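S.K.: So I've got this file, run19.pdb, and it contains PDB, C-alpha atoms:
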```pdb
ATOM      1  CA  MET R   4     -99.234  64.991  -8.290
ATOM      2  CA  HIS R   5    -102.484  63.710  -9.804
ATOM      3  CA  GLU R   6    -103.141  59.984  -9.151
ATOM      4  CA  ILE R   7    -103.661  59.213 -12.855
ATOM      5  CA  LEU R   8    -100.345  60.887 -13.683
ATOM      6  CA  VAL R   9     -98.632  58.714 -11.066
ATOM      7  CA  LEU R  10    -100.241  55.633 -12.677
ATOM      8  CA  ILE R  11     -98.918  56.707 -16.098
ATOM      9  CA  ILE R  12     -95.406  57.114 -14.717
ATOM     10  CA  ILE R  13     -95.607  53.651 -13.093
ATOM     11  CA  LEU R  14     -96.791  52.095 -16.371
ATOM     12  CA  ALA R  15     -94.044  53.907 -18.313
ATOM     13  CA  VAL R  16     -91.487  52.497 -15.885
ATOM     14  CA  PHE R  17     -92.956  48.998 -16.365
ATOM     15  CA  PHE R  18     -92.720  49.484 -20.134
ATOM     16  CA  ASP R  19     -89.085  50.525 -19.741
ATOM     17  CA  ILE R  20     -88.352  47.454 -17.613
ATOM     18  CA  ALA R  21     -90.087  45.190 -20.162
ATOM     19  CA  ASN R  22     -88.173  46.970 -22.940
ATOM     20  CA  GLY R  23     -84.851  46.370 -21.185
ATOM     21  CA  TRP R  24     -85.782  42.736 -20.484
ATOM     22  CA  HIS R  25     -86.896  42.203 -24.077
ATOM     23  CA  ASP R  26     -84.034  44.077 -25.720
ATOM     24  CA  SER R  27     -81.122  42.968 -23.546
ATOM     25  CA  ALA R  28     -80.585  40.355 -26.265
ATOM     26  CA  ASN R  29     -79.652  43.161 -28.663
ATOM     27  CA  ALA R  30     -76.495  43.899 -26.712
ATOM     28  CA  ILE R  31     -75.518  40.506 -25.338
ATOM     29  CA  ALA R  32     -76.914  37.791 -27.656
ATOM     30  CA  THR R  33     -73.719  37.560 -29.652
ATOM     31  CA  VAL R  34     -71.264  37.927 -26.761
ATOM     32  CA  VAL R  35     -73.105  35.199 -24.770
ATOM     33  CA  SER R  36     -73.624  32.813 -27.699
ATOM     34  CA  THR R  37     -69.924  33.040 -28.646
ATOM     35  CA  LYS R  38     -69.024  32.381 -24.962
ATOM     36  CA  VAL R  39     -66.847  35.486 -24.764
ATOM     37  CA  LEU R  40     -68.654  36.489 -21.545
ATOM     38  CA  SER R  41     -70.733  34.525 -19.072
ATOM     39  CA  PRO R  42     -74.457  35.356 -19.164
ATOM     40  CA  MET R  43     -74.465  37.089 -15.766
ATOM     41  CA  THR R  44     -71.372  39.182 -16.508
ATOM     42  CA  ALA R  45     -72.894  40.186 -19.843
ATOM     43  CA  VAL R  46     -76.233  41.335 -18.403
ATOM     44  CA  VAL R  47     -74.594  43.332 -15.595
ATOM     45  CA  MET R  48     -72.332  45.084 -18.104
ATOM     46  CA  ALA R  49     -75.263  45.740 -20.446
ATOM     47  CA  ALA R  50     -77.405  47.134 -17.626
ATOM     48  CA  GLY R  51     -74.698  49.609 -16.606
ATOM     49  CA  MET R  52     -74.056  50.751 -20.170
ATOM     50  CA  ASN R  53     -77.799  51.090 -20.831
ATOM     51  CA  ILE R  54     -78.036  53.512 -17.908
ATOM     52  CA  LEU R  55     -75.078  55.554 -19.163
ATOM     53  CA  GLY R  56     -76.454  55.669 -22.702
ATOM     54  CA  ALA R  57     -79.781  57.070 -21.515
ATOM     55  CA  PHE R  58     -78.070  60.317 -20.497
ATOM     56  CA  ILE R  59     -76.522  61.043 -23.911
ATOM     57  CA  SER R  60     -79.388  63.226 -25.217
ATOM     58  CA  THR R  61     -83.174  63.729 -25.156
ATOM     59  CA  ALA R  62     -83.738  64.324 -28.884
ATOM     60  CA  VAL R  63     -85.563  61.012 -29.337
ATOM     61  CA  ALA R  64     -87.751  61.684 -26.275
ATOM     62  CA  LYS R  65     -88.921  64.975 -27.806
ATOM     63  CA  THR R  66     -89.751  63.202 -31.071
ATOM     64  CA  ILE R  67     -91.851  60.654 -29.169
ATOM     65  CA  GLY R  68     -93.512  63.362 -27.096
ATOM     66  CA  SER R  69     -94.837  65.313 -30.061
ATOM     67  CA  GLY R  70     -94.145  63.304 -33.235
ATOM     68  CA  ILE R  71     -97.147  60.960 -33.154
ATOM     69  CA  VAL R  72     -99.884  63.085 -31.581
ATOM     70  CA  ASP R  73    -100.155  66.569 -30.103
ATOM     71  CA  PRO R  74     -99.469  66.077 -26.369
ATOM     72  CA  LEU R  75    -102.137  68.673 -25.542
ATOM     73  CA  ALA R  76    -104.766  66.788 -27.585
ATOM     74  CA  VAL R  77    -104.497  63.438 -25.815
ATOM     75  CA  THR R  78    -105.968  62.305 -22.520
ATOM     76  CA  ASP R  79    -104.540  60.269 -19.670
ATOM     77  CA  LEU R  80    -106.587  57.278 -20.852
ATOM     78  CA  VAL R  81    -104.959  57.474 -24.290
ATOM     79  CA  ILE R  82    -101.483  57.278 -22.769
ATOM     80  CA  ILE R  83    -102.504  54.484 -20.360
ATOM     81  CA  SER R  84    -104.050  52.465 -23.216
ATOM     82  CA  ALA R  85    -100.931  52.908 -25.359
ATOM     83  CA  LEU R  86     -98.629  51.752 -22.566
ATOM     84  CA  LEU R  87    -100.799  48.754 -21.638
ATOM     85  CA  SER R  88    -100.888  47.499 -25.241
ATOM     86  CA  ALA R  89     -97.110  47.905 -25.658
ATOM     87  CA  ILE R  90     -96.382  46.152 -22.336
ATOM     88  CA  LEU R  91     -98.713  43.259 -23.232
ATOM     89  CA  TRP R  92     -97.096  42.778 -26.653
ATOM     90  CA  ASN R  93     -93.609  42.896 -25.128
ATOM     91  CA  LEU R  94     -94.525  40.231 -22.569
ATOM     92  CA  ILE R  95     -96.202  37.993 -25.177
ATOM     93  CA  THR R  96     -93.194  38.111 -27.513
ATOM     94  CA  ILE R  97     -90.708  37.638 -24.643
ATOM     95  CA  LEU R  98     -92.479  34.382 -23.746
ATOM     96  CA  MET R  99     -92.441  33.351 -27.429
ATOM     97  CA  GLY R 100     -88.746  34.213 -27.784
ATOM     98  CA  LEU R 101     -89.409  36.609 -30.677
ATOM     99  CA  PRO R 102     -87.171  39.712 -30.981
ATOM    100  CA  VAL R 103     -89.788  42.264 -32.049
ATOM    101  CA  SER R 104     -89.661  46.035 -31.786
ATOM    102  CA  SER R 105     -90.689  47.685 -28.509
ATOM    103  CA  SER R 106     -90.627  50.933 -30.492
ATOM    104  CA  HIS R 107     -93.204  49.678 -33.000
ATOM    105  CA  ALA R 108     -95.332  48.427 -30.106
ATOM    106  CA  LEU R 109     -95.290  51.828 -28.414
ATOM    107  CA  PHE R 110     -95.962  53.835 -31.598
ATOM    108  CA  GLY R 111     -98.782  51.504 -32.582
ATOM    109  CA  GLY R 112    -100.223  51.814 -29.099
ATOM    110  CA  ILE R 113    -100.180  55.614 -29.145
ATOM    111  CA  ALA R 114    -101.710  55.761 -32.641
ATOM    112  CA  GLY R 115    -104.431  53.206 -31.864
ATOM    113  CA  ALA R 116    -105.436  54.798 -28.560
ATOM    114  CA  ALA R 117    -105.446  58.304 -30.073
ATOM    115  CA  MET R 118    -107.664  57.204 -32.958
ATOM    116  CA  ALA R 119    -110.061  55.498 -30.543
ATOM    117  CA  HIS R 120    -110.260  58.728 -28.550
ATOM    118  CA  GLY R 121    -110.619  61.346 -31.259
ATOM    119  CA  GLY R 122    -110.211  59.818 -34.696
ATOM    120  CA  ALA R 123    -107.339  59.920 -37.171
ATOM    121  CA  GLY R 124    -107.356  63.729 -37.083
ATOM    122  CA  LEU R 125    -105.368  63.632 -33.830
ATOM    123  CA  LEU R 126    -102.394  62.014 -35.561
ATOM    124  CA  ASN R 127     -99.384  64.114 -36.541
ATOM    125  CA  ILE R 128     -98.913  62.786 -40.074
ATOM    126  CA  GLY R 129     -95.587  64.554 -40.672
ATOM    127  CA  GLY R 130     -94.124  63.227 -37.433
ATOM    128  CA  ILE R 131     -95.441  59.717 -38.094
ATOM    129  CA  VAL R 132     -93.880  59.686 -41.564
ATOM    130  CA  LYS R 133     -90.512  60.694 -40.050
ATOM    131  CA  ILE R 134     -90.748  58.003 -37.379
ATOM    132  CA  LEU R 135     -91.893  55.252 -39.732
ATOM    133  CA  THR R 136     -89.224  56.190 -42.269
ATOM    134  CA  SER R 137     -86.481  55.840 -39.662
ATOM    135  CA  LEU R 138     -87.978  52.562 -38.415
ATOM    136  CA  LEU R 139     -88.240  51.071 -41.906
ATOM    137  CA  ILE R 140     -84.904  52.270 -43.280
ATOM    138  CA  SER R 141     -82.737  51.443 -40.245
ATOM    139  CA  PRO R 142     -82.936  47.613 -40.667
ATOM    140  CA  ILE R 143     -81.870  48.014 -44.301
ATOM    141  CA  PHE R 144     -78.859  49.997 -43.138
ATOM    142  CA  GLY R 145     -78.195  47.295 -40.519
ATOM    143  CA  LEU R 146     -78.236  44.572 -43.167
ATOM    144  CA  VAL R 147     -75.999  46.479 -45.589
ATOM    145  CA  PHE R 148     -73.572  47.824 -42.967
ATOM    146  CA  GLY R 149     -73.296  44.400 -41.314
ATOM    147  CA  TYR R 150     -72.469  42.769 -44.641
ATOM    148  CA  LEU R 151     -69.967  45.433 -45.764
ATOM    149  CA  PHE R 152     -68.240  45.742 -42.384
ATOM    150  CA  MET R 153     -67.835  41.965 -42.154
ATOM    151  CA  LYS R 154     -66.398  41.916 -45.688
ATOM    152  CA  LEU R 155     -63.909  44.643 -44.685
ATOM    153  CA  ILE R 156     -62.836  42.706 -41.586
ATOM    154  CA  LEU R 157     -62.354  39.539 -43.618
ATOM    155  CA  TYR R 158     -60.293  41.463 -46.195
ATOM    156  CA  LEU R 159     -58.034  42.942 -43.488
ATOM    157  CA  PHE R 160     -57.715  39.960 -41.130
ATOM    158  CA  GLY R 161     -58.826  36.926 -43.134
ATOM    159  CA  ARG R 162     -55.269  35.608 -43.427
ATOM    160  CA  LEU R 163     -54.897  35.147 -39.661
ATOM    161  CA  SER R 164     -55.362  31.696 -38.196
ATOM    162  CA  PRO R 165     -58.833  30.853 -36.792
ATOM    163  CA  GLY R 166     -57.338  30.673 -33.293
ATOM    164  CA  ALA R 167     -55.834  34.169 -33.536
ATOM    165  CA  ILE R 168     -59.058  35.611 -34.959
ATOM    166  CA  SER R 169     -61.119  34.144 -32.108
ATOM    167  CA  LYS R 170     -58.626  35.381 -29.518
ATOM    168  CA  TYR R 171     -58.394  38.983 -30.746
ATOM    169  CA  PHE R 172     -62.008  39.441 -31.751
ATOM    170  CA  GLY R 173     -63.187  37.828 -28.532
ATOM    171  CA  ARG R 174     -61.557  40.708 -26.675
ATOM    172  CA  LEU R 175     -62.845  43.277 -29.142
ATOM    173  CA  GLN R 176     -66.337  41.859 -28.835
ATOM    174  CA  ILE R 177     -66.489  42.792 -25.155
ATOM    175  CA  ALA R 178     -65.991  46.434 -26.167
ATOM    176  CA  SER R 179     -68.476  46.220 -29.049
ATOM    177  CA  SER R 180     -71.091  44.604 -26.789
ATOM    178  CA  ALA R 181     -70.694  47.390 -24.219
ATOM    179  CA  PHE R 182     -70.916  49.962 -27.017
ATOM    180  CA  MET R 183     -74.093  48.266 -28.252
ATOM    181  CA  ALA R 184     -75.685  48.443 -24.787
ATOM    182  CA  PHE R 185     -74.734  52.125 -24.585
ATOM    183  CA  GLY R 186     -76.369  52.755 -27.959
ATOM    184  CA  HIS R 187     -79.494  50.883 -26.898
ATOM    185  CA  GLY R 188     -79.829  53.069 -23.817
ATOM    186  CA  SER R 189     -79.293  56.211 -25.902
ATOM    187  CA  ASN R 190     -82.327  55.406 -28.079
ATOM    188  CA  ASP R 191     -84.738  53.076 -26.317
ATOM    189  CA  ALA R 192     -84.714  54.565 -22.812
ATOM    190  CA  GLN R 193     -85.799  57.871 -24.340
ATOM    191  CA  LYS R 194     -89.108  56.400 -25.516
ATOM    192  CA  SER R 195     -90.433  56.145 -21.968
ATOM    193  CA  MET R 196     -88.966  59.571 -21.249
ATOM    194  CA  GLY R 197     -91.050  60.933 -24.122
ATOM    195  CA  ILE R 198     -94.226  59.249 -22.834
ATOM    196  CA  ILE R 199     -93.797  60.587 -19.281
ATOM    197  CA  THR R 200     -92.949  64.055 -20.584
ATOM    198  CA  MET R 201     -96.041  63.949 -22.835
ATOM    199  CA  ALA R 202     -98.165  63.006 -19.818
ATOM    200  CA  LEU R 203     -96.637  65.757 -17.665
ATOM    201  CA  MET R 204     -97.315  68.329 -20.386
ATOM    202  CA  SER R 205    -100.831  67.024 -21.022
ATOM    203  CA  GLY R 206    -101.561  67.248 -17.292
ATOM    204  CA  GLY R 207    -100.191  70.781 -17.020
ATOM    205  CA  ALA R 208     -97.256  69.810 -14.779
ATOM    206  CA  ILE R 209     -94.750  71.230 -17.306
ATOM    207  CA  SER R 210     -95.141  73.699 -20.170
ATOM    208  CA  THR R 211     -92.481  72.467 -22.630
ATOM    209  CA  LEU R 212     -91.245  69.103 -23.927
ATOM    210  CA  ASP R 213     -87.877  69.518 -22.192
ATOM    211  CA  VAL R 214     -87.368  66.245 -20.315
ATOM    212  CA  PRO R 215     -86.975  66.781 -16.530
ATOM    213  CA  LYS R 216     -83.764  65.390 -15.024
ATOM    214  CA  TRP R 217     -85.662  63.080 -12.658
ATOM    215  CA  VAL R 218     -87.462  61.535 -15.651
ATOM    216  CA  ILE R 219     -84.116  60.820 -17.361
ATOM    217  CA  LEU R 220     -82.758  59.162 -14.200
ATOM    218  CA  LEU R 221     -85.929  57.152 -13.580
ATOM    219  CA  CYS R 222     -86.096  55.775 -17.132
ATOM    220  CA  ALA R 223     -82.361  55.059 -17.261
ATOM    221  CA  VAL R 224     -82.483  53.000 -14.061
ATOM    222  CA  ALA R 225     -85.688  51.193 -15.148
ATOM    223  CA  MET R 226     -84.087  50.240 -18.482
ATOM    224  CA  GLY R 227     -80.972  48.985 -16.721
ATOM    225  CA  PHE R 228     -83.027  47.010 -14.201
ATOM    226  CA  GLY R 229     -85.038  45.341 -16.968
ATOM    227  CA  THR R 230     -81.842  44.357 -18.747
ATOM    228  CA  LEU R 231     -80.791  42.340 -15.700
ATOM    229  CA  PHE R 232     -83.625  39.860 -16.407
ATOM    230  CA  GLY R 233     -81.741  38.755 -19.495
ATOM    231  CA  GLY R 234     -84.395  37.837 -22.070
ATOM    232  CA  TRP R 235     -82.778  34.416 -22.538
ATOM    233  CA  LYS R 236     -85.249  33.010 -25.079
ATOM    234  CA  ILE R 237     -84.631  35.966 -27.409
ATOM    235  CA  ILE R 238     -80.880  35.690 -26.884
ATOM    236  CA  LYS R 239     -81.115  32.052 -27.991
ATOM    237  CA  THR R 240     -83.134  33.038 -31.077
ATOM    238  CA  LEU R 241     -80.718  35.783 -32.167
ATOM    239  CA  GLY R 242     -77.407  34.258 -31.124
ATOM    240  CA  VAL R 243     -77.947  30.551 -31.793
ATOM    241  CA  LYS R 244     -81.078  29.620 -33.752
ATOM    242  CA  MET R 245     -80.851  32.229 -36.520
ATOM    243  CA  LEU R 246     -77.101  31.972 -37.147
ATOM    244  CA  LYS R 247     -74.167  30.203 -35.512
ATOM    245  CA  LEU R 248     -71.896  33.074 -34.493
ATOM    246  CA  GLU R 249     -68.170  33.325 -33.817
ATOM    247  CA  PRO R 250     -66.580  36.306 -31.995
ATOM    248  CA  ILE R 251     -65.607  37.965 -35.285
ATOM    249  CA  HIS R 252     -69.220  37.878 -36.462
ATOM    250  CA  GLY R 253     -70.506  39.194 -33.144
ATOM    251  CA  PHE R 254     -68.043  42.086 -33.250
ATOM    252  CA  ALA R 255     -69.048  43.004 -36.808
ATOM    253  CA  ALA R 256     -72.790  42.843 -36.078
ATOM    254  CA  GLU R 257     -72.576  44.843 -32.840
ATOM    255  CA  THR R 258     -70.237  47.529 -34.165
ATOM    256  CA  SER R 259     -72.149  48.170 -37.399
ATOM    257  CA  SER R 260     -75.568  48.253 -35.712
ATOM    258  CA  THR R 261     -74.376  50.476 -32.860
ATOM    259  CA  ALA R 262     -73.006  53.043 -35.307
ATOM    260  CA  ILE R 263     -76.476  53.283 -36.884
ATOM    261  CA  ILE R 264     -78.266  53.531 -33.517
ATOM    262  CA  ILE R 265     -75.953  56.226 -32.110
ATOM    263  CA  ALA R 266     -76.332  58.281 -35.310
ATOM    264  CA  ALA R 267     -80.121  57.940 -35.126
ATOM    265  CA  SER R 268     -80.143  59.037 -31.475
ATOM    266  CA  HIS R 269     -78.083  62.108 -32.369
ATOM    267  CA  PHE R 270     -80.636  63.187 -34.972
ATOM    268  CA  GLY R 271     -83.631  62.426 -32.743
ATOM    269  CA  MET R 272     -84.780  59.484 -34.888
ATOM    270  CA  PRO R 273     -86.334  56.627 -32.894
ATOM    271  CA  VAL R 274     -85.217  53.336 -34.410
ATOM    272  CA  SER R 275     -85.846  49.747 -33.437
ATOM    273  CA  THR R 276     -82.598  48.471 -31.968
ATOM    274  CA  THR R 277     -84.040  44.957 -32.292
ATOM    275  CA  HIS R 278     -84.577  45.339 -36.031
ATOM    276  CA  VAL R 279     -81.169  46.918 -36.604
ATOM    277  CA  VAL R 280     -79.270  44.246 -34.663
ATOM    278  CA  SER R 281     -81.238  41.355 -36.196
ATOM    279  CA  ALA R 282     -80.655  42.763 -39.692
ATOM    280  CA  ALA R 283     -76.942  43.286 -38.993
ATOM    281  CA  ILE R 284     -76.630  39.649 -37.865
ATOM    282  CA  LEU R 285     -78.299  38.559 -41.115
ATOM    283  CA  GLY R 286     -75.922  40.774 -43.107
ATOM    284  CA  VAL R 287     -72.892  39.344 -41.328
ATOM    285  CA  GLY R 288     -74.184  35.793 -41.815
ATOM    286  CA  ALA R 289     -74.684  36.354 -45.535
ATOM    287  CA  THR R 290     -70.896  36.873 -45.929
ATOM    288  CA  LYS R 291     -70.339  33.249 -44.891
ATOM    289  CA  ARG R 292     -72.900  31.858 -47.310
ATOM    290  CA  LEU R 293     -76.614  32.442 -47.632
ATOM    291  CA  SER R 294     -77.345  28.939 -46.361
ATOM    292  CA  ALA R 295     -75.542  29.770 -43.082
ATOM    293  CA  VAL R 296     -78.572  31.802 -42.047
ATOM    294  CA  ARG R 297     -81.549  29.784 -40.863
ATOM    295  CA  TRP R 298     -84.060  31.647 -43.013
ATOM    296  CA  GLY R 299     -87.044  29.833 -41.475
ATOM    297  CA  ILE R 300     -86.272  31.433 -38.088
ATOM    298  CA  ALA R 301     -85.549  34.760 -39.801
ATOM    299  CA  GLY R 302     -88.933  34.522 -41.567
ATOM    300  CA  LYS R 303     -90.758  34.058 -38.245
ATOM    301  CA  ILE R 304     -88.962  37.119 -36.868
ATOM    302  CA  VAL R 305     -89.940  39.221 -39.897
ATOM    303  CA  MET R 306     -93.561  38.065 -39.573
ATOM    304  CA  ALA R 307     -93.549  39.175 -35.918
ATOM    305  CA  TRP R 308     -92.147  42.548 -37.037
ATOM    306  CA  VAL R 309     -94.963  42.923 -39.582
ATOM    307  CA  LEU R 310     -97.646  42.046 -37.018
ATOM    308  CA  THR R 311     -96.402  44.365 -34.244
ATOM    309  CA  LEU R 312     -97.842  47.665 -35.509
ATOM    310  CA  PRO R 313    -101.345  46.459 -36.484
ATOM    311  CA  VAL R 314    -101.695  44.246 -33.400
ATOM    312  CA  CYS R 315    -100.687  47.054 -31.027
ATOM    313  CA  ILE R 316    -102.910  49.581 -32.841
ATOM    314  CA  ALA R 317    -105.852  47.178 -32.455
ATOM    315  CA  MET R 318    -105.085  46.333 -28.816
ATOM    316  CA  ALA R 319    -104.683  49.989 -27.811
ATOM    317  CA  TRP R 320    -107.874  50.938 -29.675
ATOM    318  CA  ALA R 321    -109.814  48.224 -27.807
ATOM    319  CA  ILE R 322    -108.281  49.081 -24.415
ATOM    320  CA  GLN R 323    -109.050  52.790 -24.909
ATOM    321  CA  LYS R 324    -112.686  52.008 -25.780
ATOM    322  CA  LEU R 325    -113.079  49.677 -22.770
ATOM    323  CA  LEU R 326    -111.514  52.161 -20.357
ATOM    324  CA  SER R 327    -113.680  54.967 -21.734
ATOM    325  CA  LEU R 328    -116.824  52.878 -21.167
ATOM    326  CA  TYR R 329    -115.699  51.938 -17.651
ATOM    327  CA  PHE R 330    -114.953  55.500 -16.548
ATOM    328  CA  ALA R 331    -118.043  56.851 -18.315
ATOM    329  CA  GLY R 332    -120.167  54.389 -16.357
TER     330      GLY R 332
END
```
Here is the file; what I need is its structure written in the form of structure tokens.
M.R.:
Amino acid sequence: MHEILVLIIILAVFFDIANGWHDSANAIATVVSTKVLSPMTAVVMAAGMNILGAFISTAVAKTIGSGIVDPLAVTDLVIISALLSAILWNLITILMGLPVSSSHALFGGIAGAAMAHGGAGLLNIGGIVKILTSLLISPIFGLVFGYLFMKLILYLFGRLSPGAISKYFGRLQIASSAFMAFGHGSNDAQKSMGIITMALMSGGAISTLDVPKWVILLCAVAMGFGTLFGGWKIIKTLGVKMLKLEPIHGFAAETSSTAIIIAASHFGMPVSTTHVVSAAILGVGATKRLSAVRWGIAGKIVMAWVLTLPVCIAMAWAIQKLLSLYFAG
């Protein structure tokens, strides 16, 4: 196998590990902050369910592989630049404790590197519109579904004592957290699968965008491994700083957001699990009272969301230009 192709696969695996590390909070922030599970038990469970979820389908991987740019029109340097920018942004935001979208980082990286290589004409506008639409709409669904599902739960079980609610929903939250981790694996692990498959096709190693079985296994394990690192700062931001959660709120947020993510995976729509979960938590919190949500923290998160695409486009564009100069020299 060509050395550059091996480098791309290694970088894609690193991105997957960083993605799992960054996004483990999506599945376990609520179950850890409500003390339903210990942190270590939660991350081990999430890692296992992430791996299982990665095998559910490859529809999202195919969207990534061809939806942003034509895989035959990009070079190895484009893919390397895209991955480097996404990995850098993931690491920066992990250290800052900001739950931003690894998906946005990757898409911005691919778009920026492709434009640096061959101009905007390389972009697949129809595919980009589909991807951006799913990325922009999914948090709205998360907010609305989180709010409505929490209202339904309160209507059905609101008459129970607080002790009974915590007891029953604490148990249910273990299942919803596992389901959330499964959904995360079903969508996010496929993004690295799509990148590796794009690189294999670009390099002539395969002729179609059907994801090889070894790529599925590699990305699933990498995602699960990254999840084991925990992402504790982001867990604190989502599960404590933004809103004080009880088990009933965690169950509502996880269940509503997972339903959206699984549906998106089925239709091959790459969504930001981070955005969906964060929005669902806000929706659930709004049922208590609007002041229950710490909107200052939420505002910082939204600002990080807004910055992700342009920052990653700019970083990937610069990295592509620098690498091109280096290899040209």
S.K.: Excluding R:Trp92 and residues on its chain fewer than 2 positions from it, collect all residues at most 8 Å away from it, counting all atoms listed in the file, and give them as a PyMOL selection string.
M.R.: chain R and resi 88-90+94-96+108+311+315
S.K.: Rounded to one decimal, what separation in Å do you get between atom CA of R:Gly70 and atom CA of R:His269?
M.R.: 16.1 Å
S.K.: Would you translate the PyMOL selection byres ((chain R and resi 287) around 6) into the concrete set of residues it matches in this file, as a PyMOL selection string?
M.R.: chain R and resi 149-150+153+284-286+288-290
S.K.: Point out the residue among R:Ser169, R:Thr276, R:Ser36, R:Ser281 with the least atom-to-atom distance to R:Gly188, counting only C-alpha atoms.
M.R.: R:Thr276
S.K.: Listed atoms of stretch 263-282 of chain R, axis-aligned box, 5 Å per side: centre and edge lengths to one decimal in Å, as AutoDock Vina command-line options?
M.R.:
```
--center_x -81.1 --center_y 52.3 --center_z -35.6 --size_x 20.4 --size_y 31.8 --size_z 18.2
```
